[in-house]
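Input: a single structure, listed below in structure tokens.
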Amino acid sequence: MLDDIDRALINRLQDGVPLQPSPFDDIAAGLSITVDDLLRRLQALKEAGAITRFGPFFDAAAMGGAFCLCAMKVPAERFEEVCARVNAFPEVAHNYQREHRLNMWFVLATEDAVAITETADAIERATGVQVMRFPKLREFFIGFRVAA
Amino acid sequence: MSVTDRDIVSVLQGGLPLVAEPYAAVAAGLGMREDELLARLQAMRDSGVIRRIAAAPNHFKLGMTANGMTVWDVEDTRVAALGAQVGALPFVTHAYERPRALPDWPYNLFAMVHGHGRDEVEDKRRQIADLLGRASRGNDILYSTRILKKTGLRLRREAPACSD
């Protein structure tokens, strides 16, 4: 169970920390706890899954990768079978079932743009279902915070 | 042998070690000095490869169990300015302009909204609708009902296990 300090810590760490040798000192002071206490709490939050990761967020596209949101209209009776075929592609990074005619939404992550097209085409061949492609044209960045 | 940016990214993909001086620990593992590592990371930050250094929350574990992808058909001439305003709303976690796929899909602005329940998500959807006003000619919301696969970002291709 999270206490008030855990919640404050999660909220504070979502804002980002400066790039300096001891990044937790000021945050611990702001919460009136020791750095050791902060680290124990952070470890516990990570083990409990409240925080999935703490560290640098890399812009994947800036590192040379390519990404594309894709959607499919999968017949209900074929959903599990198509899901297995889609997920078998290692280029499929996330895949969500959603309530809509377009009921399967996934992100392709590949080394370059050509591989996006090749992979989406290959998924169409493997499933017989059209893969609609919604590459990002512009990203609006971002509040990104969850109130813990 | 010199340490490449790719080496640094690879080591940090899983996150920083949770110790008082995490960069000293990472630098030691890479066989470089802490100040060298910090300079390299600063350069990556300046170039946009590193966006920020922060915690990634698990929405579901924090009680935000409803997640809706709201989608909007916004006038092309206004989508850049309005999209920036939608993206700045504190409850919008991601916002993107994407191509329409007419006639099936008229929507060009995607904004992800999380909430403790669907009522909360619908309330947030109304706030976006108010902000967009008549510049939005239609909208929809797609609730996720199941995670079919979720893997972290990986530089190298891997074949992760299915999860649901």
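Labels for the structure tokens follow display order: chains A, B, ..., residues from 1 in each chain, ligands from 1.
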
Can you pull out every residue from chain A that DSSP, working from the backbone, puts in strand (DSSP E or B), and format the result as a ChimeraX atom specification? /A:51-58,66-72,92-98,104-110,132-134,138-140

With 6 Å as the cut-off and only C-alpha atoms counted, what is the closest atom pair between each nearby residue of chain B and chain A? Distances in Å to one decimal, ordered by chain and number, as JSON lines.
{"residue": "B:Gly15", "atom": "CA", "partner": "A:Gly55", "partner_atom": "CA", "distance": 4.4}
{"residue": "B:Leu16", "atom": "CA", "partner": "A:Gly55", "partner_atom": "CA", "distance": 4.9}
{"residue": "B:Ala20", "atom": "CA", "partner": "A:Ser22", "partner_atom": "CA", "distance": 6.0}
{"residue": "B:Glu21", "atom": "CA", "partner": "A:Ser22", "partner_atom": "CA", "distance": 5.0}
{"residue": "B:Val49", "atom": "CA", "partner": "A:Asp59", "partner_atom": "CA", "distance": 5.0}
{"residue": "B:Ile50", "atom": "CA", "partner": "A:Phe58", "partner_atom": "CA", "distance": 4.5}
{"residue": "B:Arg51", "atom": "CA", "partner": "A:Phe57", "partner_atom": "CA", "distance": 5.6}
{"residue": "B:Arg52", "atom": "CA", "partner": "A:Phe57", "partner_atom": "CA", "distance": 5.6}
{"residue": "B:Ile53", "atom": "CA", "partner": "A:Pro56", "partner_atom": "CA", "distance": 4.1}
{"residue": "B:Ala54", "atom": "CA", "partner": "A:Gly16", "partner_atom": "CA", "distance": 4.2}
{"residue": "B:Ala55", "atom": "CA", "partner": "A:Phe54", "partner_atom": "CA", "distance": 4.2}
{"residue": "B:Ala56", "atom": "CA", "partner": "A:Arg53", "partner_atom": "CA", "distance": 5.3}
{"residue": "B:Pro57", "atom": "CA", "partner": "A:Ile51", "partner_atom": "CA", "distance": 4.4}
{"residue": "B:Asn58", "atom": "CA", "partner": "A:Ala50", "partner_atom": "CA", "distance": 5.2}
{"residue": "B:Lys61", "atom": "CA", "partner": "A:Ala50", "partner_atom": "CA", "distance": 5.3}
{"residue": "B:Ala84", "atom": "CA", "partner": "A:Phe140", "partner_atom": "CA", "distance": 5.2}
{"residue": "B:Gly87", "atom": "CA", "partner": "A:Ile142", "partner_atom": "CA", "distance": 5.0}
{"residue": "B:Ala88", "atom": "CA", "partner": "A:Gly143", "partner_atom": "CA", "distance": 5.3}
{"residue": "B:Pro90", "atom": "CA", "partner": "A:Gly143", "partner_atom": "CA", "distance": 4.8}
{"residue": "B:Thr93", "atom": "CA", "partner": "A:Phe144", "partner_atom": "CA", "distance": 4.2}
{"residue": "B:Ala95", "atom": "CA", "partner": "A:Phe140", "partner_atom": "CA", "distance": 5.2}
{"residue": "B:Tyr96", "atom": "CA", "partner": "A:Glu139", "partner_atom": "CA", "distance": 4.5}
{"residue": "B:Glu97", "atom": "CA", "partner": "A:Arg138", "partner_atom": "CA", "distance": 5.0}
{"residue": "B:Arg98", "atom": "CA", "partner": "A:Lys136", "partner_atom": "CA", "distance": 4.9}
{"residue": "B:Pro99", "atom": "CA", "partner": "A:Phe134", "partner_atom": "CA", "distance": 6.0}
{"residue": "B:Leu142", "atom": "CA", "partner": "A:Glu99", "partner_atom": "CA", "distance": 5.6}
{"residue": "B:Tyr143", "atom": "CA", "partner": "A:Arg98", "partner_atom": "CA", "distance": 5.3}
{"residue": "B:Ser144", "atom": "CA", "partner": "A:Arg98", "partner_atom": "CA", "distance": 4.2}
{"residue": "B:Thr145", "atom": "CA", "partner": "A:Arg98", "partner_atom": "CA", "distance": 5.5}
{"residue": "B:Arg146", "atom": "CA", "partner": "A:Gln97", "partner_atom": "CA", "distance": 5.1}
{"residue": "B:Ile147", "atom": "CA", "partner": "A:Tyr96", "partner_atom": "CA", "distance": 4.7}
{"residue": "B:Leu148", "atom": "CA", "partner": "A:Asn95", "partner_atom": "CA", "distance": 5.0}
{"residue": "B:Lys149", "atom": "CA", "partner": "A:Asn95", "partner_atom": "CA", "distance": 4.8}
{"residue": "B:Lys150", "atom": "CA", "partner": "A:His94", "partner_atom": "CA", "distance": 4.4}
{"residue": "B:Thr151", "atom": "CA", "partner": "A:Ala93", "partner_atom": "CA", "distance": 5.5}
{"residue": "B:Glu158", "atom": "CA", "partner": "A:Pro90", "partner_atom": "CA", "distance": 5.9}
{"residue": "B:Ala159", "atom": "CA", "partner": "A:Pro90", "partner_atom": "CA", "distance": 4.7}

Residues from last step as file, C-alpha atoms, as a compact mmCIF listing (two decimals), in the first residue's frame:
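Writing the result to part.txt gives the following:
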# COMPACT_ATOMS: atom_id res chain seq x y z
CA GLY B 15 16.93 1.92 -16.16
CA LEU B 16 19.44 3.35 -13.71
CA ALA B 20 22.85 7.19 -4.43
CA GLU B 21 25.35 7.73 -7.26
CA VAL B 49 18.19 11.25 -27.98
CA ILE B 50 17.47 11.45 -24.24
CA ARG B 51 14.20 13.23 -23.57
CA ARG B 52 14.33 13.23 -19.82
CA ILE B 53 15.39 11.13 -16.86
CA ALA B 54 12.33 10.08 -14.94
CA ALA B 55 10.14 7.35 -13.52
CA ALA B 56 7.70 5.49 -15.76
CA PRO B 57 4.53 4.82 -13.76
CA ASN B 58 2.35 1.77 -14.23
CA LYS B 61 -1.07 -0.44 -10.60
CA ALA B 84 -0.33 21.11 -28.79
CA GLY B 87 -1.08 17.40 -25.48
CA ALA B 88 -0.52 19.92 -22.70
CA PRO B 90 -2.33 17.13 -17.57
CA THR B 93 -0.37 10.98 -21.68
CA ALA B 95 -1.01 12.98 -28.31
CA TYR B 96 -0.20 12.56 -31.97
CA GLU B 97 -1.30 13.78 -35.38
CA ARG B 98 -1.72 10.79 -37.69
CA PRO B 99 -3.04 10.37 -41.23
CA LEU B 142 -11.53 3.20 -28.20
CA TYR B 143 -11.24 1.52 -24.81
CA SER B 144 -8.61 -1.12 -24.43
CA THR B 145 -9.99 -4.37 -23.09
CA ARG B 146 -6.86 -6.50 -23.08
CA ILE B 147 -3.11 -6.18 -23.41
CA LEU B 148 -2.22 -8.74 -26.06
CA LYS B 149 1.51 -8.08 -25.99
CA LYS B 150 3.76 -5.59 -24.28
CA THR B 151 7.50 -5.43 -24.58
CA GLU B 158 14.07 -10.19 -29.91
CA ALA B 159 11.09 -12.49 -29.88

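Minimum atom-to-atom distances from B:Asp104, B:Asp7, B:Asp46, B:Asp119 to Ala66 in chain B were compared using only C-alpha atoms, and the lowest value belongs to B:Asp119.
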
How many Å separate CA of Phe67 in chain A from CA of Met112 in chain B?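 Spanning CA of Phe67 in chain A to CA of Met112 in chain B is a straight-line distance of 17.3 Å.
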
Find the spatial neighbours of Ile141 in chain B, counting only C-alpha atoms, within a cut-off of 7 Å - ignore same-chain residues fewer than 2 positions away - and output them as a PyMOL selection string. chain B and resi 68-71+143

What is the distance, in Å and to one decimal place, between CA of Phe91 in chain B and CA of Ala8 in chain A? 17.2 Å

If we count only C-alpha atoms, what is near Ser2 in chain B at a cut-off of 12 Å, once residues fewer than 5 positions away on the same chain are taken out, given as a VMD selection string? chain B and resid 7 to 8 30 to 32 36 to 37

Using the selection just defined, write its residues with N, CA and C atoms as a CSV table (one decimal), in the first residue's frame.
chain,number,residue,atom,x,y,z
B,7,ASP,N,26.4,1.4,-26.8
B,7,ASP,CA,26.7,0.7,-25.6
B,7,ASP,C,26.0,1.3,-24.3
B,8,ILE,N,26.1,2.6,-24.3
B,8,ILE,CA,25.5,3.4,-23.2
B,8,ILE,C,24.0,3.2,-23.1
B,30,LEU,N,30.9,0.2,-17.4
B,30,LEU,CA,31.3,0.4,-18.8
B,30,LEU,C,32.8,0.6,-18.9
B,31,GLY,N,33.5,0.7,-17.8
B,31,GLY,CA,34.9,1.0,-17.8
B,31,GLY,C,35.3,2.4,-18.3
B,32,MET,N,34.5,3.3,-17.9
B,32,MET,CA,34.8,4.7,-18.2
B,32,MET,C,34.6,5.6,-16.9
B,36,GLU,N,33.1,11.4,-17.8
B,36,GLU,CA,32.9,11.1,-19.2
B,36,GLU,C,31.5,10.7,-19.5
B,37,LEU,N,31.0,9.8,-18.7
B,37,LEU,CA,29.6,9.3,-19.0
B,37,LEU,C,28.6,10.4,-18.9
